[in-house]
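Undergrad: Encoded as C-alpha coordinates, here's the structure I'll be asking about.
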Amino acid sequence: MKIEVIISAYNNVRDLELVLEGYLNQINHNFSLCIADDGSTHEVADLIKTFQQKNLTIRHVWHEDLGFRRAAILNKAIKSSVADHIIFTDSDCIPSPYFVTDHRKLASPKHYTIGIRVYIKPYLSNNFRAGSLNPSHLFNSFWLLSQSLKDRVSKPEQSIRYPNLILPLINKLKPNLTIFGSNISMSLKSLLAVNGLDEDFEGWGYEDTDLLWRLEQIGLTPQGSLGRCCQYHLNHKENTPNPHAFNLFKQKKEDGKIFCDNGINKKSK
(Lines give C-alpha, C1' and ligand atoms only; values in the text may rest on other atoms or scores of the structure.)
Protein backbone atom coordinates (compact mmCIF):
# COMPACT_ATOMS: atom_id res chain seq x y z
CA MET A 1 0.00 0.00 0.00
CA LYS A 2 1.42 3.35 -1.06
CA ILE A 3 1.09 6.04 1.61
CA GLU A 4 1.55 9.75 1.08
CA VAL A 5 1.69 12.37 3.83
CA ILE A 6 0.27 15.67 2.59
CA ILE A 7 1.58 18.58 4.66
CA SER A 8 -0.19 21.92 4.30
CA ALA A 9 2.29 24.79 4.55
CA TYR A 10 2.57 28.55 4.25
CA ASN A 11 5.90 30.35 4.80
CA ASN A 12 6.57 28.63 8.13
CA VAL A 13 10.09 27.55 7.19
CA ARG A 14 11.66 26.84 10.60
CA ASP A 15 8.68 24.82 11.84
CA LEU A 16 8.55 22.91 8.56
CA GLU A 17 12.24 22.09 8.93
CA LEU A 18 11.60 20.57 12.38
CA VAL A 19 8.66 18.61 10.96
CA LEU A 20 10.67 17.24 8.02
CA GLU A 21 13.40 16.16 10.44
CA GLY A 22 10.65 14.16 12.15
CA TYR A 23 9.90 12.36 8.88
CA LEU A 24 13.60 11.58 8.45
CA ASN A 25 13.37 9.79 11.82
CA GLN A 26 10.41 7.53 11.02
CA ILE A 27 10.97 3.87 11.89
CA ASN A 28 9.80 2.93 8.39
CA HIS A 29 10.54 5.01 5.28
CA ASN A 30 8.03 3.37 2.95
CA PHE A 31 6.06 6.57 2.30
CA SER A 32 6.23 9.79 0.32
CA LEU A 33 5.63 13.40 1.29
CA CYS A 34 3.80 16.17 -0.51
CA ILE A 35 4.13 19.79 0.60
CA ALA A 36 0.79 21.45 -0.23
CA ASP A 37 2.01 25.03 -0.37
CA ASP A 38 -0.63 27.78 -0.09
CA GLY A 39 1.54 30.40 -1.81
CA SER A 40 4.82 30.52 0.13
CA THR A 41 7.90 32.37 -1.09
CA HIS A 42 10.99 30.56 -2.42
CA GLU A 43 12.33 29.65 1.05
CA VAL A 44 9.95 26.68 1.32
CA ALA A 45 11.00 25.37 -2.10
CA ASP A 46 14.65 25.74 -1.11
CA LEU A 47 14.06 23.80 2.11
CA ILE A 48 12.33 21.00 0.20
CA LYS A 49 15.35 20.66 -2.11
CA THR A 50 17.60 20.30 0.93
CA PHE A 51 15.51 17.44 2.33
CA GLN A 52 15.17 15.75 -1.05
CA GLN A 53 18.97 15.40 -0.91
CA LYS A 54 18.57 13.66 2.47
CA ASN A 55 16.65 10.80 0.82
CA LEU A 56 13.13 11.93 1.66
CA THR A 57 10.73 11.43 -1.24
CA ILE A 58 9.05 14.84 -1.44
CA ARG A 59 7.07 16.62 -4.09
CA HIS A 60 6.03 20.26 -3.94
CA VAL A 61 2.58 21.45 -4.99
CA TRP A 62 2.15 25.24 -5.03
CA HIS A 63 -0.36 27.87 -6.04
CA GLU A 64 -0.39 31.64 -5.95
CA ASP A 65 -0.98 33.40 -2.63
CA LEU A 66 -4.52 34.74 -2.90
CA GLY A 67 -5.39 34.39 0.78
CA PHE A 68 -6.08 31.30 2.90
CA ARG A 69 -7.02 28.63 0.33
CA ARG A 70 -6.03 25.43 2.13
CA ALA A 71 -8.88 23.40 0.60
CA ALA A 72 -7.78 24.32 -2.92
CA ILE A 73 -4.12 23.44 -2.47
CA LEU A 74 -4.97 20.17 -0.72
CA ASN A 75 -7.21 19.24 -3.65
CA LYS A 76 -4.34 19.95 -6.02
CA ALA A 77 -2.15 17.63 -3.96
CA ILE A 78 -4.83 14.91 -3.81
CA LYS A 79 -5.50 15.07 -7.56
CA SER A 80 -1.81 14.61 -8.38
CA SER A 81 -1.18 11.83 -5.83
CA VAL A 82 -0.53 8.23 -6.89
CA ALA A 83 -0.82 6.86 -3.34
CA ASP A 84 -3.46 4.46 -2.03
CA HIS A 85 -3.80 6.12 1.37
CA ILE A 86 -3.45 9.79 2.35
CA ILE A 87 -2.39 11.24 5.72
CA PHE A 88 -3.17 14.93 6.20
CA THR A 89 -1.05 17.02 8.53
CA ASP A 90 0.36 20.54 8.97
CA SER A 91 3.78 22.18 8.90
CA ASP A 92 3.75 22.86 12.65
CA CYS A 93 3.15 19.27 13.78
CA ILE A 94 6.22 17.14 14.54
CA PRO A 95 5.45 13.42 14.00
CA SER A 96 6.39 10.70 16.45
CA PRO A 97 8.79 8.10 14.97
CA TYR A 98 5.82 5.71 14.69
CA PHE A 99 3.47 8.23 13.07
CA VAL A 100 3.33 6.82 9.53
CA THR A 101 3.59 3.20 10.72
CA ASP A 102 0.61 3.65 13.05
CA HIS A 103 -1.51 5.23 10.33
CA ARG A 104 -0.54 2.38 8.00
CA LYS A 105 -1.59 -0.28 10.52
CA LEU A 106 -4.98 1.38 11.02
CA ALA A 107 -5.60 2.06 7.32
CA SER A 108 -8.93 0.67 6.15
CA PRO A 109 -11.31 1.41 3.25
CA LYS A 110 -14.17 1.42 5.79
CA HIS A 111 -12.73 4.02 8.18
CA TYR A 112 -10.95 7.31 8.44
CA THR A 113 -8.29 7.45 11.15
CA ILE A 114 -8.02 10.17 13.79
CA GLY A 115 -4.59 10.70 15.32
CA ILE A 116 -3.82 12.33 18.65
CA ARG A 117 -1.95 15.53 19.51
CA VAL A 118 0.31 16.77 22.30
CA TYR A 119 0.49 20.55 22.69
CA ILE A 120 3.94 22.09 23.06
CA LYS A 121 3.61 25.44 24.83
CA PRO A 122 5.61 28.60 23.96
CA TYR A 123 8.70 28.01 26.14
CA LEU A 124 9.54 24.62 24.64
CA SER A 125 8.36 25.55 21.13
CA ASN A 126 10.76 28.49 21.08
CA ASN A 127 13.62 26.36 22.40
CA PHE A 128 13.08 23.80 19.66
CA ARG A 129 13.02 26.55 17.04
CA ALA A 130 16.19 28.09 18.43
CA GLY A 131 17.99 24.75 18.34
CA SER A 132 18.76 24.84 22.05
CA LEU A 133 16.65 21.74 22.64
CA ASN A 134 16.52 18.60 20.51
CA PRO A 135 12.98 17.55 19.42
CA SER A 136 13.91 13.92 20.19
CA HIS A 137 13.05 14.75 23.83
CA LEU A 138 9.41 14.76 22.74
CA PHE A 139 9.50 11.01 22.21
CA ASN A 140 10.32 10.33 25.87
CA SER A 141 7.03 10.05 27.78
CA PHE A 142 8.69 10.56 31.16
CA TRP A 143 10.32 13.78 29.98
CA LEU A 144 7.00 14.99 28.56
CA LEU A 145 5.20 14.28 31.81
CA SER A 146 7.88 16.15 33.76
CA GLN A 147 7.49 19.13 31.43
CA SER A 148 3.74 19.08 31.93
CA LEU A 149 4.31 19.59 35.68
CA LYS A 150 6.07 22.83 34.70
CA ASP A 151 3.12 23.81 32.48
CA ARG A 152 5.22 23.53 29.32
CA VAL A 153 3.21 20.73 27.67
CA SER A 154 -0.49 19.88 27.46
CA LYS A 155 -2.02 16.40 27.11
CA PRO A 156 1.27 14.43 27.33
CA GLU A 157 -0.59 11.33 28.55
CA GLN A 158 -2.03 10.92 25.05
CA SER A 159 1.41 10.13 23.66
CA ILE A 160 2.12 7.18 25.98
CA ARG A 161 2.66 4.14 23.78
CA TYR A 162 0.52 1.67 25.67
CA PRO A 163 1.17 -2.04 24.96
CA ASN A 164 -1.08 -3.53 22.31
CA LEU A 165 -2.59 -5.96 24.85
CA ILE A 166 -4.13 -3.20 26.96
CA LEU A 167 -5.09 -0.81 24.15
CA PRO A 168 -8.70 -2.08 24.01
CA LEU A 169 -9.13 -1.30 27.71
CA ILE A 170 -7.47 2.13 27.41
CA ASN A 171 -9.70 3.06 24.50
CA LYS A 172 -12.81 1.98 26.40
CA LEU A 173 -11.84 4.19 29.29
CA LYS A 174 -11.37 7.20 27.03
CA PRO A 175 -12.97 6.57 23.63
CA ASN A 176 -13.52 10.15 22.42
CA LEU A 177 -10.65 11.55 20.41
CA THR A 178 -10.57 15.13 19.15
CA ILE A 179 -10.61 15.50 15.38
CA PHE A 180 -7.84 17.62 13.87
CA GLY A 181 -7.43 18.21 10.15
CA SER A 182 -3.71 18.05 10.87
CA ASN A 183 -3.91 14.38 11.86
CA ILE A 184 -6.39 12.39 9.85
CA SER A 185 -6.02 9.76 7.15
CA MET A 186 -8.20 7.89 4.69
CA SER A 187 -8.02 6.09 1.34
CA LEU A 188 -7.50 8.11 -1.81
CA LYS A 189 -10.46 6.26 -3.28
CA SER A 190 -12.80 7.62 -0.59
CA LEU A 191 -11.52 11.18 -1.13
CA LEU A 192 -12.22 10.94 -4.84
CA ALA A 193 -15.68 9.52 -4.12
CA VAL A 194 -16.69 12.80 -2.42
CA ASN A 195 -14.64 15.03 -4.79
CA GLY A 196 -12.13 16.01 -2.12
CA LEU A 197 -12.40 19.17 -0.05
CA ASP A 198 -14.98 21.85 -0.82
CA GLU A 199 -13.16 24.95 -2.07
CA ASP A 200 -16.12 27.13 -1.14
CA PHE A 201 -14.43 27.15 2.29
CA GLU A 202 -11.88 29.95 2.10
CA GLY A 203 -10.28 31.36 5.22
CA TRP A 204 -9.64 29.27 8.31
CA GLY A 205 -12.22 26.75 9.50
CA TYR A 206 -14.67 23.94 8.70
CA GLU A 207 -13.19 22.58 5.47
CA ASP A 208 -12.08 19.45 7.37
CA THR A 209 -15.36 19.14 9.26
CA ASP A 210 -17.25 19.28 5.98
CA LEU A 211 -14.99 16.67 4.37
CA LEU A 212 -15.39 14.19 7.22
CA TRP A 213 -19.17 14.68 7.29
CA ARG A 214 -19.35 13.81 3.60
CA LEU A 215 -17.07 10.79 4.05
CA GLU A 216 -19.41 9.53 6.76
CA GLN A 217 -22.33 9.83 4.33
CA ILE A 218 -20.65 7.27 2.05
CA GLY A 219 -20.20 4.87 4.97
CA LEU A 220 -16.81 5.66 6.51
CA THR A 221 -16.63 5.66 10.30
CA PRO A 222 -13.95 7.20 12.54
CA GLN A 223 -11.35 5.16 14.39
CA GLY A 224 -8.34 6.01 16.52
CA SER A 225 -6.40 5.01 19.58
CA LEU A 226 -4.63 6.78 22.42
CA GLY A 227 -0.87 6.45 22.14
CA ARG A 228 -0.96 5.88 18.37
CA CYS A 229 -0.60 8.23 15.37
CA CYS A 230 0.86 10.86 17.68
CA GLN A 231 2.07 14.33 16.71
CA TYR A 232 3.47 17.23 18.70
CA HIS A 233 1.98 20.62 17.91
CA LEU A 234 4.28 23.63 18.10
CA ASN A 235 2.73 26.73 19.64
CA HIS A 236 1.96 29.61 17.29
CA LYS A 237 -0.36 32.55 16.87
CA GLU A 238 -3.90 31.36 16.17
CA ASN A 239 -5.39 31.87 12.73
CA THR A 240 -8.31 34.25 12.40
CA PRO A 241 -11.43 32.13 11.78
CA ASN A 242 -13.70 32.74 8.83
CA PRO A 243 -16.84 34.11 10.57
CA HIS A 244 -19.08 32.67 7.85
CA ALA A 245 -17.63 29.14 7.80
CA PHE A 246 -20.01 27.57 10.34
CA ASN A 247 -23.12 28.86 8.59
CA LEU A 248 -21.74 27.70 5.25
CA PHE A 249 -21.15 24.22 6.67
CA LYS A 250 -24.61 24.17 8.24
CA GLN A 251 -26.20 25.10 4.90
CA LYS A 252 -24.24 22.44 3.03
CA LYS A 253 -25.35 19.79 5.51
CA GLU A 254 -28.95 20.84 4.99
CA ASP A 255 -28.48 20.64 1.21
CA GLY A 256 -27.14 17.10 1.68
CA LYS A 257 -24.75 17.18 -1.26
CA ILE A 258 -22.04 14.56 -0.75
CA PHE A 259 -20.09 15.06 -3.98
CA CYS A 260 -19.21 18.75 -3.69
CA ASP A 261 -19.45 20.98 -6.75
CA ASN A 262 -16.31 23.01 -6.08
CA GLY A 263 -13.91 20.18 -5.32
CA ILE A 264 -11.15 18.33 -7.13
CA ASN A 265 -13.26 18.36 -10.26
CA LYS A 266 -15.29 21.51 -10.84
CA LYS A 267 -18.95 21.46 -11.87
CA SER A 268 -19.49 22.95 -15.31
CA LYS A 269 -21.34 26.26 -15.26
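Each chain in the C-alpha coordinates gets a letter, A, B and so on, in the order shown; residues start at 1 in every chain, and ligands are counted from 1 in the order they appear.
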So which residues touch range 35-44 of chain A within 7 Å, counting only C-alpha atoms, skipping near sequence neighbours fewer than 2 positions away, as an mmCIF file with N, CA, C and O atoms, in the first residue's frame?

TA:
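Final file, selection35.cif:
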```
data_model
loop_
_atom_site.group_PDB
_atom_site.id
_atom_site.type_symbol
_atom_site.label_atom_id
_atom_site.label_comp_id
_atom_site.auth_asym_id
_atom_site.auth_seq_id
_atom_site.Cartn_x
_atom_site.Cartn_y
_atom_site.Cartn_z
ATOM 1 N N ILE A 6 0.446 14.344 3.184
ATOM 2 C CA ILE A 6 0.269 15.669 2.594
ATOM 3 C C ILE A 6 0.329 16.699 3.713
ATOM 4 O O ILE A 6 -0.491 16.686 4.631
ATOM 5 N N ILE A 7 1.330 17.577 3.625
ATOM 6 C CA ILE A 7 1.580 18.576 4.662
ATOM 7 C C ILE A 7 1.188 19.952 4.127
ATOM 8 O O ILE A 7 1.815 20.456 3.193
ATOM 9 N N SER A 8 0.177 20.562 4.715
ATOM 10 C CA SER A 8 -0.185 21.916 4.300
ATOM 11 C C SER A 8 0.803 22.901 4.909
ATOM 12 O O SER A 8 1.192 22.772 6.072
ATOM 13 N N ALA A 9 1.237 23.876 4.105
ATOM 14 C CA ALA A 9 2.288 24.790 4.548
ATOM 15 C C ALA A 9 2.064 26.182 3.981
ATOM 16 O O ALA A 9 1.482 26.352 2.905
ATOM 17 N N TYR A 10 2.568 27.167 4.741
ATOM 18 C CA TYR A 10 2.569 28.546 4.253
ATOM 19 C C TYR A 10 3.664 29.335 4.981
ATOM 20 O O TYR A 10 3.473 29.767 6.124
ATOM 21 N N ASN A 11 4.809 29.469 4.347
ATOM 22 C CA ASN A 11 5.899 30.347 4.799
ATOM 23 C C ASN A 11 6.478 30.039 6.178
ATOM 24 O O ASN A 11 7.272 30.825 6.683
ATOM 25 N N VAL A 13 8.931 28.339 7.604
ATOM 26 C CA VAL A 13 10.088 27.550 7.194
ATOM 27 C C VAL A 13 10.746 26.817 8.358
ATOM 28 O O VAL A 13 11.055 25.629 8.255
ATOM 29 N N LEU A 33 6.156 12.149 0.754
ATOM 30 C CA LEU A 33 5.630 13.401 1.293
ATOM 31 C C LEU A 33 5.219 14.318 0.158
ATOM 32 O O LEU A 33 5.828 14.319 -0.920
ATOM 33 N N ASP A 46 13.235 25.986 -1.388
ATOM 34 C CA ASP A 46 14.655 25.743 -1.109
ATOM 35 C C ASP A 46 14.829 24.692 -0.014
ATOM 36 O O ASP A 46 15.709 23.822 -0.102
ATOM 37 N N LEU A 47 13.994 24.777 1.023
ATOM 38 C CA LEU A 47 14.064 23.802 2.109
ATOM 39 C C LEU A 47 13.730 22.402 1.605
ATOM 40 O O LEU A 47 14.382 21.419 1.976
ATOM 41 N N ILE A 48 12.726 22.298 0.760
ATOM 42 C CA ILE A 48 12.334 21.001 0.204
ATOM 43 C C ILE A 48 13.491 20.375 -0.568
ATOM 44 O O ILE A 48 13.778 19.173 -0.431
ATOM 45 N N ARG A 59 7.453 15.783 -2.960
ATOM 46 C CA ARG A 59 7.066 16.618 -4.086
ATOM 47 C C ARG A 59 6.434 17.899 -3.547
ATOM 48 O O ARG A 59 5.957 17.937 -2.411
ATOM 49 N N HIS A 60 6.465 18.931 -4.369
ATOM 50 C CA HIS A 60 6.035 20.259 -3.937
ATOM 51 C C HIS A 60 4.905 20.729 -4.847
ATOM 52 O O HIS A 60 5.082 20.884 -6.056
ATOM 53 N N VAL A 61 3.733 20.947 -4.245
ATOM 54 C CA VAL A 61 2.576 21.446 -4.990
ATOM 55 C C VAL A 61 2.291 22.862 -4.494
ATOM 56 O O VAL A 61 2.133 23.067 -3.285
ATOM 57 N N TRP A 62 2.224 23.819 -5.404
ATOM 58 C CA TRP A 62 2.152 25.236 -5.032
ATOM 59 C C TRP A 62 1.066 25.934 -5.844
ATOM 60 O O TRP A 62 0.788 25.556 -6.990
ATOM 61 N N HIS A 63 0.441 26.933 -5.259
ATOM 62 C CA HIS A 63 -0.355 27.869 -6.044
ATOM 63 C C HIS A 63 -0.130 29.281 -5.525
ATOM 64 O O HIS A 63 0.448 29.494 -4.458
ATOM 65 N N GLU A 64 -0.614 30.243 -6.274
ATOM 66 C CA GLU A 64 -0.392 31.644 -5.952
ATOM 67 C C GLU A 64 -1.060 32.021 -4.632
ATOM 68 O O GLU A 64 -2.134 31.503 -4.294
ATOM 69 N N ASP A 65 -0.431 32.923 -3.900
ATOM 70 C CA ASP A 65 -0.977 33.404 -2.633
ATOM 71 C C ASP A 65 -2.105 34.395 -2.892
ATOM 72 O O ASP A 65 -1.872 35.559 -3.213
ATOM 73 N N ARG A 69 -6.296 29.534 1.229
ATOM 74 C CA ARG A 69 -7.023 28.630 0.326
ATOM 75 C C ARG A 69 -6.510 27.200 0.532
ATOM 76 O O ARG A 69 -6.097 26.521 -0.398
ATOM 77 N N ARG A 70 -6.551 26.757 1.779
ATOM 78 C CA ARG A 70 -6.035 25.428 2.128
ATOM 79 C C ARG A 70 -6.779 24.324 1.378
ATOM 80 O O ARG A 70 -6.162 23.353 0.905
ATOM 81 N N ILE A 73 -5.440 24.023 -2.274
ATOM 82 C CA ILE A 73 -4.115 23.444 -2.465
ATOM 83 C C ILE A 73 -4.088 21.970 -2.054
ATOM 84 O O ILE A 73 -3.384 21.156 -2.659
ATOM 85 N N LEU A 74 -4.889 21.593 -1.072
ATOM 86 C CA LEU A 74 -4.969 20.170 -0.719
ATOM 87 C C LEU A 74 -5.599 19.376 -1.863
ATOM 88 O O LEU A 74 -5.156 18.257 -2.163
ATOM 89 N N ALA A 77 -3.045 18.701 -4.406
ATOM 90 C CA ALA A 77 -2.155 17.625 -3.959
ATOM 91 C C ALA A 77 -2.826 16.257 -4.104
ATOM 92 O O ALA A 77 -2.200 15.290 -4.560
#
```

Undergrad: Range 91-247 of chain A: which residues are strand (DSSP E or B) by DSSP, as number ranges by chain?

TA: A: 93-95, 111-114, 116-120, 153-154, 184-187, 204, 221-223, 230-234, 241

Undergrad: Go through range 58-198 of chain A and collect every residue that DSSP, computed from the backbone, puts in alpha helix (DSSP H); the answer should be as a VMD selection string.

TA: chain A and resid 70 to 79 99 to 106 122 to 130 141 to 149 167 to 173 188 to 193

Undergrad: Excluding Gly263 in chain A and its own-chain neighbours fewer than 2 positions away, which residues fall within 12 Å of it when counting only C-alpha atoms? Please give them as number ranges by chain.

TA: A: 71-76, 78-79, 191-201, 207, 210-211, 257-261, 265-268

Undergrad: Please indicate the distance in Å from CA of Asn12 in chain A to CA of Asp84 in chain A, rounded to one decimal place.

TA: 28.1 Å

Undergrad: Quick one: residues within 8 Å of range 156-169 of chain A, only C-alpha atoms counted, chain neighbours fewer than 6 positions away excluded, as an MDAnalysis selection string?

TA: chainID A and resid 116:119 141 144:145 148 225:228 230

Undergrad: Identify which of the residues A:Ser190, A:Ser146, A:Ser108, A:Ser91 lies closest to His236 in chain A, counting only C-alpha atoms when measuring atom-to-atom distances.

TA: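 Among the listed residues, A:Ser91 lies closest to His236 in chain A.
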
Undergrad: Which value, in Å to one decimal, gives the distance between CA of Gln147 in chain A and CA of Phe99 in chain A?

TA: 21.7 Å

Undergrad: Taking only C-alpha atoms into account, which of A:Met1, A:Ala245, A:Leu212, A:Leu18 comes nearest Asn126 in chain A?

TA: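 For Asn126 in chain A, the nearest of the given residues is A:Leu18.
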